[in-house]
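K.L.:
My questions all concern the structure below.
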Amino acid sequence: MRLKSTERSPSAPLGSRILTNPDDIFKHNMWDHVQWTEEDKKNAHQKVKENSCVRIPLNEQGKYNTEACQYWDKFYEKHQDKFFKNRTWLFLEFPELLPLGAQSLDTNGCRSGNTLSCDSSSDTVSRCDQHNSFTHQHRNADTSDCQHSCKGTTPQTKEASIQAGTFPGQRASFRILEVGCGVGNSVFPIINSIKDPGKFLYCCDFSPRAIRLVKDHPDYDRSVCYAFVHDLCEEKSSFPFPPQSLDVIVAVFVLSSIHPERIQGVVNRLSVYLKHGGIFLFRDYGRYDFSQLRFKKGQCLSENFYARGDGTCAYFFTKEEVHTLFSNAGLEEVQNLEDRRLQVNRGKKVVMHRVWMQSKYRKSCAP
């Protein structure tokens, strides 16, 4: 049963609503920590085998990389801000975002307080029923704007400014970066929770439409946030802050949209910007999630990587892949969980097996 109090986090990570009586399945919209039967596993494996047996021809696959920005821009234009809800669960799952009484990490050591300490082994988190929270809104931007922004630019003036120690948020002692921020469904819950002038949020997306909407939002506050266009896959694209300057990096349902052969490079480059003792927070699709099983033949690009009808893509991770991904970037595991739930449509009497990965990896303390 879920804890009755709504003001305290459940003691179990990723929720505590456990289905013990099959007759109760339609009493709630979501059940936590669901154990799959052998039949469930067999059926999921078979569906993936079937929907991946016919793949998109190789000569047609390149556009899903080269035109990714345009596909996402069209997505934002179509759905505006009506597609997903704000991530109200964010601080419950990731309390590291705004730890109370947190002291800054310097570039040569770990936090001196008891929050985010390098020897921490416990990780008590809870969850809300909402999980995926990109929302999108149409803004006036043409295709050429998107193409220019997605290539990534590295102005010499920006590099010189950063090297000279002048950059947005330079006076902050606690800095957060959210990558793939969309139109701000994590950004604004974070901004509205920042009470300490010593904390600062950076957020980026490779869609100019999305960033423009973030900046136009009434809650956007330049004193605590800096939004910018950035293509994570562009190796030469620079960030507006120096290496080893971030306490937290957040990537929620972002890395899955990148070709699996490019994800490792993205994580490697991002990890350079974490301070020693800083933490990388990750949540994304897991292998055999219901959304993977729904793909039809002819939508598969490569193993466990698919193109949706609108041109956007999705990869489905395993725990082992996530661990390898972050370990290869030199980060140490704090949490690496497979979040298996049962999502229920009580009106239609439909049951869906959801699988998400939730992980936390820390950059080790300086020797």
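Quick note on naming: the chains in the structure tokens go A, B, ... in the order shown, residues restart at 1 in each chain, and ligands are numbered from 1 in order of appearance.
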Pick out each residue of segment 151-334 of chain A that DSSP on the backbone tags as alpha helix (DSSP H); I need them as a ChimeraX atom specification.

P.N.:
/A:156-163,187-191,208-216,260-271,290-293,319-327

K.L.:
If DSSP is run on the backbone, what residues of segment 266-354 of chain A are strand (DSSP E or B)? A reply as a compact mmCIF listing (two decimals) with all heavy atoms, in the first residue's frame would be ideal.

P.N.:
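File out.txt, as written:
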# COMPACT_ATOMS: atom_id res chain seq x y z
N LEU A 274 31.53 18.16 -14.92
CA LEU A 274 31.20 17.93 -13.52
C LEU A 274 32.38 18.25 -12.61
O LEU A 274 33.53 17.93 -12.93
CB LEU A 274 30.80 16.47 -13.30
CG LEU A 274 29.37 16.04 -13.62
CD1 LEU A 274 29.23 14.54 -13.44
CD2 LEU A 274 28.37 16.78 -12.73
N LYS A 275 32.11 18.85 -11.47
CA LYS A 275 33.13 18.99 -10.45
C LYS A 275 33.44 17.61 -9.86
O LYS A 275 32.65 16.67 -9.99
CB LYS A 275 32.62 19.88 -9.31
CG LYS A 275 32.26 21.30 -9.70
CD LYS A 275 31.67 22.05 -8.51
CE LYS A 275 31.24 23.45 -8.86
NZ LYS A 275 30.64 24.15 -7.69
N HIS A 276 34.56 17.48 -9.20
CA HIS A 276 34.84 16.26 -8.47
C HIS A 276 33.80 16.14 -7.35
O HIS A 276 33.59 17.07 -6.57
CB HIS A 276 36.26 16.27 -7.89
CG HIS A 276 37.31 16.12 -8.94
ND1 HIS A 276 37.52 14.95 -9.62
CD2 HIS A 276 38.20 17.02 -9.45
CE1 HIS A 276 38.50 15.10 -10.48
NE2 HIS A 276 38.93 16.35 -10.40
N GLY A 277 33.11 15.01 -7.31
CA GLY A 277 32.02 14.83 -6.36
C GLY A 277 30.67 15.20 -6.93
O GLY A 277 29.64 14.95 -6.31
N GLY A 278 30.64 15.79 -8.14
CA GLY A 278 29.39 16.13 -8.80
C GLY A 278 28.67 14.87 -9.28
O GLY A 278 29.28 13.81 -9.43
N ILE A 279 27.37 15.00 -9.56
CA ILE A 279 26.56 13.82 -9.86
C ILE A 279 25.79 13.99 -11.16
O ILE A 279 25.33 15.09 -11.51
CB ILE A 279 25.60 13.52 -8.68
CG1 ILE A 279 25.05 12.10 -8.77
CG2 ILE A 279 24.48 14.55 -8.58
CD1 ILE A 279 24.45 11.59 -7.48
N PHE A 280 25.65 12.88 -11.88
CA PHE A 280 24.93 12.83 -13.15
C PHE A 280 23.63 12.06 -12.89
O PHE A 280 23.66 10.91 -12.50
CB PHE A 280 25.78 12.09 -14.20
CG PHE A 280 25.40 12.37 -15.63
CD1 PHE A 280 26.36 12.80 -16.54
CD2 PHE A 280 24.10 12.19 -16.08
CE1 PHE A 280 26.04 13.06 -17.87
CE2 PHE A 280 23.76 12.43 -17.41
CZ PHE A 280 24.73 12.87 -18.30
N LEU A 281 22.49 12.72 -13.11
CA LEU A 281 21.18 12.12 -12.86
C LEU A 281 20.54 11.74 -14.19
O LEU A 281 20.44 12.56 -15.09
CB LEU A 281 20.28 13.11 -12.11
CG LEU A 281 20.85 13.68 -10.81
CD1 LEU A 281 19.89 14.70 -10.21
CD2 LEU A 281 21.16 12.57 -9.81
N PHE A 282 20.10 10.49 -14.29
CA PHE A 282 19.66 9.94 -15.57
C PHE A 282 18.35 9.17 -15.40
O PHE A 282 18.19 8.39 -14.46
CB PHE A 282 20.74 8.99 -16.10
CG PHE A 282 20.33 8.12 -17.26
CD1 PHE A 282 20.36 8.62 -18.56
CD2 PHE A 282 19.94 6.81 -17.06
CE1 PHE A 282 20.00 7.81 -19.63
CE2 PHE A 282 19.58 5.99 -18.13
CZ PHE A 282 19.61 6.50 -19.42
N ARG A 283 17.41 9.43 -16.28
CA ARG A 283 16.18 8.64 -16.35
C ARG A 283 15.78 8.52 -17.81
O ARG A 283 15.77 9.51 -18.54
CB ARG A 283 15.05 9.26 -15.53
CG ARG A 283 13.78 8.39 -15.49
CD ARG A 283 12.80 8.90 -14.43
NE ARG A 283 11.54 8.16 -14.45
CZ ARG A 283 11.30 7.01 -13.86
NH1 ARG A 283 12.28 6.42 -13.17
NH2 ARG A 283 10.14 6.42 -13.94
N ASP A 284 15.43 7.27 -18.23
CA ASP A 284 15.11 7.08 -19.64
C ASP A 284 14.40 5.74 -19.84
O ASP A 284 14.13 5.02 -18.86
CB ASP A 284 16.39 7.13 -20.48
CG ASP A 284 16.20 7.91 -21.76
OD1 ASP A 284 15.18 7.66 -22.46
OD2 ASP A 284 17.05 8.76 -22.09
N TYR A 285 14.13 5.41 -21.09
CA TYR A 285 13.40 4.18 -21.42
C TYR A 285 14.24 2.93 -21.16
O TYR A 285 15.44 2.91 -21.45
CB TYR A 285 12.99 4.19 -22.90
CG TYR A 285 12.00 5.27 -23.25
CD1 TYR A 285 12.38 6.36 -24.03
CD2 TYR A 285 10.68 5.21 -22.81
CE1 TYR A 285 11.47 7.35 -24.36
CE2 TYR A 285 9.76 6.20 -23.14
CZ TYR A 285 10.17 7.27 -23.91
OH TYR A 285 9.27 8.25 -24.24
N GLY A 286 13.59 1.88 -20.64
CA GLY A 286 14.23 0.61 -20.41
C GLY A 286 13.81 -0.42 -21.45
O GLY A 286 12.76 -0.29 -22.09
N CYS A 300 12.27 0.12 -37.26
CA CYS A 300 13.52 -0.16 -36.55
C CYS A 300 14.72 0.34 -37.35
O CYS A 300 14.85 0.07 -38.54
CB CYS A 300 13.64 -1.66 -36.30
SG CYS A 300 15.05 -2.13 -35.29
N LEU A 301 15.60 1.10 -36.69
CA LEU A 301 16.83 1.58 -37.31
C LEU A 301 17.99 0.62 -37.07
O LEU A 301 18.77 0.32 -37.96
CB LEU A 301 17.18 2.96 -36.76
CG LEU A 301 16.26 4.11 -37.19
CD1 LEU A 301 16.39 5.29 -36.24
CD2 LEU A 301 16.59 4.53 -38.61
N SER A 302 18.11 0.17 -35.83
CA SER A 302 19.12 -0.81 -35.45
C SER A 302 18.61 -1.49 -34.19
O SER A 302 17.50 -1.22 -33.74
CB SER A 302 20.49 -0.15 -35.21
OG SER A 302 20.41 0.82 -34.18
N PHE A 305 16.63 0.32 -31.36
CA PHE A 305 16.60 1.74 -31.72
C PHE A 305 15.60 1.94 -32.84
O PHE A 305 15.69 1.29 -33.89
CB PHE A 305 18.00 2.19 -32.15
CG PHE A 305 18.13 3.66 -32.39
CD1 PHE A 305 17.73 4.58 -31.42
CD2 PHE A 305 18.69 4.15 -33.57
CE1 PHE A 305 17.87 5.95 -31.63
CE2 PHE A 305 18.84 5.51 -33.78
CZ PHE A 305 18.43 6.41 -32.81
N TYR A 306 14.64 2.85 -32.63
CA TYR A 306 13.51 2.98 -33.55
C TYR A 306 13.27 4.43 -33.93
O TYR A 306 13.62 5.35 -33.19
CB TYR A 306 12.23 2.45 -32.89
CG TYR A 306 12.28 1.00 -32.46
CD1 TYR A 306 12.88 0.64 -31.25
CD2 TYR A 306 11.72 -0.01 -33.24
CE1 TYR A 306 12.94 -0.68 -30.85
CE2 TYR A 306 11.75 -1.33 -32.84
CZ TYR A 306 12.37 -1.67 -31.64
OH TYR A 306 12.41 -2.98 -31.23
N ALA A 307 12.63 4.62 -35.09
CA ALA A 307 12.19 5.94 -35.53
C ALA A 307 10.67 5.99 -35.43
O ALA A 307 9.97 5.11 -35.93
CB ALA A 307 12.63 6.21 -36.96
N CYS A 313 13.41 9.76 -32.58
CA CYS A 313 13.90 8.39 -32.35
C CYS A 313 13.90 8.02 -30.88
O CYS A 313 13.84 8.88 -30.00
CB CYS A 313 15.31 8.25 -32.92
SG CYS A 313 15.41 8.54 -34.70
N ALA A 314 14.00 6.71 -30.62
CA ALA A 314 14.02 6.23 -29.24
C ALA A 314 14.85 4.96 -29.14
O ALA A 314 14.68 4.03 -29.94
CB ALA A 314 12.60 5.96 -28.74
N TYR A 315 15.76 4.96 -28.16
CA TYR A 315 16.54 3.76 -27.83
C TYR A 315 16.09 3.25 -26.47
O TYR A 315 15.66 4.04 -25.61
CB TYR A 315 18.04 4.08 -27.80
CG TYR A 315 18.89 2.87 -27.54
CD1 TYR A 315 19.11 1.93 -28.54
CD2 TYR A 315 19.46 2.64 -26.28
CE1 TYR A 315 19.87 0.80 -28.31
CE2 TYR A 315 20.22 1.52 -26.04
CZ TYR A 315 20.43 0.59 -27.06
OH TYR A 315 21.16 -0.54 -26.81
N PHE A 317 17.25 1.12 -23.10
CA PHE A 317 18.45 0.71 -22.38
C PHE A 317 18.24 -0.50 -21.48
O PHE A 317 17.12 -0.78 -21.05
CB PHE A 317 18.94 1.87 -21.50
CG PHE A 317 19.37 3.10 -22.23
CD1 PHE A 317 18.47 4.12 -22.51
CD2 PHE A 317 20.69 3.26 -22.64
CE1 PHE A 317 18.87 5.27 -23.16
CE2 PHE A 317 21.10 4.41 -23.30
CZ PHE A 317 20.18 5.42 -23.57
N LEU A 331 32.77 7.74 -14.28
CA LEU A 331 31.88 8.03 -13.15
C LEU A 331 31.60 6.77 -12.33
O LEU A 331 31.69 5.65 -12.84
CB LEU A 331 30.56 8.62 -13.67
CG LEU A 331 30.68 9.85 -14.56
CD1 LEU A 331 29.31 10.37 -14.95
CD2 LEU A 331 31.51 10.95 -13.89
N GLU A 332 31.28 6.97 -11.06
CA GLU A 332 31.06 5.86 -10.14
C GLU A 332 29.58 5.71 -9.82
O GLU A 332 28.87 6.70 -9.60
CB GLU A 332 31.84 6.10 -8.84
CG GLU A 332 33.34 6.22 -9.06
CD GLU A 332 34.09 6.61 -7.80
OE1 GLU A 332 33.41 7.01 -6.80
OE2 GLU A 332 35.33 6.52 -7.79
N GLU A 333 29.12 4.48 -9.78
CA GLU A 333 27.70 4.21 -9.56
C GLU A 333 27.24 4.57 -8.14
O GLU A 333 27.88 4.20 -7.15
CB GLU A 333 27.39 2.74 -9.81
CG GLU A 333 25.93 2.37 -9.60
CD GLU A 333 25.64 0.90 -9.82
OE1 GLU A 333 26.25 0.30 -10.74
OE2 GLU A 333 24.83 0.33 -9.07
N VAL A 334 26.16 5.31 -8.07
CA VAL A 334 25.47 5.59 -6.81
C VAL A 334 24.15 4.84 -6.80
O VAL A 334 23.75 4.24 -5.80
CB VAL A 334 25.21 7.11 -6.64
CG1 VAL A 334 24.40 7.39 -5.38
CG2 VAL A 334 26.52 7.87 -6.62
N GLN A 335 23.48 4.86 -7.93
CA GLN A 335 22.20 4.16 -8.08
C GLN A 335 22.05 3.75 -9.54
O GLN A 335 22.37 4.51 -10.44
CB GLN A 335 21.04 5.08 -7.68
CG GLN A 335 19.66 4.47 -7.85
CD GLN A 335 18.54 5.50 -7.74
OE1 GLN A 335 18.27 6.23 -8.69
NE2 GLN A 335 17.92 5.59 -6.58
N ASN A 336 21.57 2.54 -9.76
CA ASN A 336 21.29 2.08 -11.13
C ASN A 336 20.11 1.10 -11.04
O ASN A 336 20.30 -0.07 -10.78
CB ASN A 336 22.51 1.41 -11.75
CG ASN A 336 22.32 1.12 -13.23
OD1 ASN A 336 21.48 1.74 -13.90
ND2 ASN A 336 23.08 0.17 -13.77
N LEU A 337 18.91 1.64 -11.26
CA LEU A 337 17.70 0.86 -11.02
C LEU A 337 16.90 0.66 -12.30
O LEU A 337 16.87 1.52 -13.18
CB LEU A 337 16.80 1.58 -10.01
CG LEU A 337 17.40 1.86 -8.63
CD1 LEU A 337 16.40 2.65 -7.79
CD2 LEU A 337 17.78 0.57 -7.93
N GLU A 338 16.27 -0.49 -12.38
CA GLU A 338 15.30 -0.77 -13.43
C GLU A 338 13.91 -0.59 -12.82
O GLU A 338 13.53 -1.33 -11.91
CB GLU A 338 15.49 -2.18 -13.97
CG GLU A 338 14.65 -2.48 -15.19
CD GLU A 338 14.95 -3.85 -15.75
OE1 GLU A 338 14.89 -4.83 -14.97
OE2 GLU A 338 15.24 -3.97 -16.95
N ASP A 339 13.21 0.39 -13.29
CA ASP A 339 11.91 0.76 -12.72
C ASP A 339 10.80 0.07 -13.53
O ASP A 339 10.43 0.52 -14.61
CB ASP A 339 11.77 2.28 -12.79
CG ASP A 339 10.48 2.78 -12.15
OD1 ASP A 339 9.77 1.96 -11.54
OD2 ASP A 339 10.19 3.99 -12.25
N ARG A 340 10.30 -1.03 -13.00
CA ARG A 340 9.24 -1.79 -13.68
C ARG A 340 7.90 -1.50 -13.00
O ARG A 340 7.73 -1.72 -11.81
CB ARG A 340 9.52 -3.29 -13.61
CG ARG A 340 10.73 -3.72 -14.44
CD ARG A 340 10.93 -5.23 -14.35
NE ARG A 340 12.04 -5.68 -15.16
CZ ARG A 340 11.94 -6.09 -16.41
NH1 ARG A 340 10.74 -6.10 -17.00
NH2 ARG A 340 13.01 -6.49 -17.10
N ARG A 341 6.96 -1.01 -13.80
CA ARG A 341 5.65 -0.68 -13.26
C ARG A 341 4.54 -1.24 -14.15
O ARG A 341 4.78 -1.60 -15.31
CB ARG A 341 5.48 0.83 -13.13
CG ARG A 341 6.55 1.49 -12.30
CD ARG A 341 6.25 2.94 -12.06
NE ARG A 341 7.42 3.64 -11.54
CZ ARG A 341 7.46 4.93 -11.30
NH1 ARG A 341 6.41 5.69 -11.54
NH2 ARG A 341 8.56 5.49 -10.83
N LEU A 342 3.37 -1.24 -13.62
CA LEU A 342 2.18 -1.65 -14.36
C LEU A 342 1.29 -0.42 -14.48
O LEU A 342 0.78 0.08 -13.47
CB LEU A 342 1.45 -2.78 -13.62
CG LEU A 342 0.59 -3.73 -14.47
CD1 LEU A 342 1.43 -4.43 -15.53
CD2 LEU A 342 -0.08 -4.75 -13.56
N GLN A 343 1.16 0.08 -15.69
CA GLN A 343 0.31 1.24 -15.94
C GLN A 343 -1.06 0.75 -16.39
O GLN A 343 -1.16 -0.11 -17.26
CB GLN A 343 0.94 2.13 -17.01
CG GLN A 343 0.24 3.47 -17.19
CD GLN A 343 1.01 4.37 -18.13
OE1 GLN A 343 2.05 4.00 -18.67
NE2 GLN A 343 0.51 5.58 -18.33
N VAL A 344 -2.09 1.31 -15.80
CA VAL A 344 -3.44 0.79 -16.01
C VAL A 344 -4.36 1.87 -16.57
O VAL A 344 -4.41 2.99 -16.04
CB VAL A 344 -4.03 0.25 -14.69
CG1 VAL A 344 -5.46 -0.26 -14.91
CG2 VAL A 344 -3.15 -0.86 -14.13
N ASN A 345 -5.04 1.55 -17.64
CA ASN A 345 -6.13 2.40 -18.14
C ASN A 345 -7.41 1.79 -17.62
O ASN A 345 -7.93 0.81 -18.16
CB ASN A 345 -6.13 2.43 -19.68
CG ASN A 345 -7.16 3.40 -20.24
OD1 ASN A 345 -8.28 3.50 -19.73
ND2 ASN A 345 -6.80 4.08 -21.31
N VAL A 350 -7.18 -1.68 -19.80
CA VAL A 350 -5.95 -2.05 -20.49
C VAL A 350 -4.79 -1.97 -19.51
O VAL A 350 -4.68 -1.02 -18.73
CB VAL A 350 -5.69 -1.12 -21.69
CG1 VAL A 350 -4.33 -1.42 -22.32
CG2 VAL A 350 -6.80 -1.28 -22.72
N VAL A 351 -3.91 -2.96 -19.55
CA VAL A 351 -2.74 -3.03 -18.67
C VAL A 351 -1.47 -2.96 -19.51
O VAL A 351 -1.33 -3.67 -20.51
CB VAL A 351 -2.76 -4.33 -17.84
CG1 VAL A 351 -1.49 -4.43 -17.00
CG2 VAL A 351 -3.98 -4.37 -16.95
N MET A 352 -0.53 -2.08 -19.12
CA MET A 352 0.71 -1.89 -19.88
C MET A 352 1.91 -2.04 -18.96
O MET A 352 1.97 -1.41 -17.91
CB MET A 352 0.71 -0.50 -20.52
CG MET A 352 -0.42 -0.26 -21.51
SD MET A 352 -0.74 1.50 -21.82
CE MET A 352 -1.70 1.92 -20.34
N HIS A 353 2.87 -2.83 -19.38
CA HIS A 353 4.12 -2.99 -18.63
C HIS A 353 5.07 -1.85 -19.03
O HIS A 353 5.46 -1.74 -20.18
CB HIS A 353 4.77 -4.33 -18.93
CG HIS A 353 4.11 -5.49 -18.24
ND1 HIS A 353 4.37 -5.82 -16.94
CD2 HIS A 353 3.19 -6.38 -18.69
CE1 HIS A 353 3.66 -6.89 -16.60
NE2 HIS A 353 2.93 -7.25 -17.64
N ARG A 354 5.42 -1.02 -18.06
CA ARG A 354 6.36 0.08 -18.30
C ARG A 354 7.72 -0.27 -17.68
O ARG A 354 7.79 -0.84 -16.60
CB ARG A 354 5.85 1.39 -17.71
CG ARG A 354 4.47 1.82 -18.17
CD ARG A 354 4.27 1.77 -19.68
NE ARG A 354 5.28 2.46 -20.44
CZ ARG A 354 5.17 3.71 -20.91
NH1 ARG A 354 4.06 4.39 -20.67
NH2 ARG A 354 6.13 4.24 -21.63

K.L.:
In Å, with one decimal, what is the gap from atom CA of Phe241 of chain A to atom CA of Ser186 of chain A?

P.N.:
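Between these atoms lies a distance of 20.3 Å.
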
K.L.:
Determine, counting only C-alpha atoms, which protein, DNA and RNA residues have an atom within 10 Å of an atom of Lys296 of chain A; residues of the same chain fewer than 3 positions away are not included. Present the result as a PDB file with C-alpha atoms, in the first residue's frame.

P.N.:
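Writing done, so here's part_1.pdb:
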ATOM      1  CA  LYS A  47       7.250  -8.657 -29.988  1.00  0.00           C
ATOM      2  CA  VAL A  48      10.655  -6.966 -30.230  1.00  0.00           C
ATOM      3  CA  GLU A  50       8.901  -9.239 -34.752  1.00  0.00           C
ATOM      4  CA  ASN A  51       9.009  -5.432 -34.920  1.00  0.00           C
ATOM      5  CA  SER A  52      12.743  -5.330 -35.592  1.00  0.00           C
ATOM      6  CA  CYS A  53      12.926  -7.995 -38.306  1.00  0.00           C
ATOM      7  CA  VAL A  54      12.196  -5.387 -40.998  1.00  0.00           C
ATOM      8  CA  GLN A 292       9.080  -0.341 -27.560  1.00  0.00           C
ATOM      9  CA  LEU A 293       6.634  -3.191 -28.046  1.00  0.00           C
ATOM     10  CA  GLN A 299      10.344   1.449 -37.885  1.00  0.00           C
ATOM     11  CA  CYS A 300      13.525  -0.158 -36.547  1.00  0.00           C
ATOM     12  CA  TYR A 306      13.513   2.975 -33.547  1.00  0.00           C
ATOM     13  CA  ARG A 308       8.718   7.217 -34.692  1.00  0.00           C
TER      14      ARG A 308
END

K.L.:
Would you mind listing what lies within 6 Å of Cys203 of chain A as a PyMOL selection string, with only C-alpha atoms counted and same-chain residues fewer than 5 positions away left out?

P.N.:
chain A and resi 177-179+181+227

K.L.:
Can you work out the spacing between atom CA of Gln70 of chain A and atom CA of Ile211 of chain A in Å, to one decimal?

P.N.:
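Separating atom CA of Gln70 of chain A from atom CA of Ile211 of chain A is a distance of 14.1 Å.
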
K.L.:
Between atom CA of His33 of chain A and atom CA of Ile18 of chain A, what is the spacing in Å?

P.N.:
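Pair atom CA of Ile18 of chain A / atom CA of His33 of chain A returns 6.7 Å.
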
K.L.:
Ranking A:Gly184, A:Gly62, A:Gly265, A:Pro242 by minimum distance to Leu213 of chain A and counting only C-alpha atoms, which one comes first?

P.N.:
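Of A:Gly184, A:Gly62, A:Gly265, A:Pro242, the one nearest Leu213 of chain A, counting only C-alpha atoms, is A:Gly184.
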
K.L.:
Return the single residue from A:Ile263, A:Arg294, A:Cys204, A:Ile258 that is closest to Tyr64 of chain A, with distances computed using only C-alpha atoms.

P.N.:
A:Ile258

K.L.:
With only C-alpha atoms as the basis for distance, which of A:Gly298, A:Val229, A:Gly330, A:His259 is at the shortest distance from Ser271 of chain A?

P.N.:
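Of the candidates, the smallest distance to Ser271 of chain A is held by A:Gly330.
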
K.L.:
Choose the residue, out of A:Ala210, A:Arg269, A:Glu261, A:Phe91, that has the smallest atom-to-atom separation from Lys236 of chain A; count only C-alpha atoms.

P.N.:
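Residue with the minimum atom-to-atom distance to Lys236 of chain A: A:Arg269.
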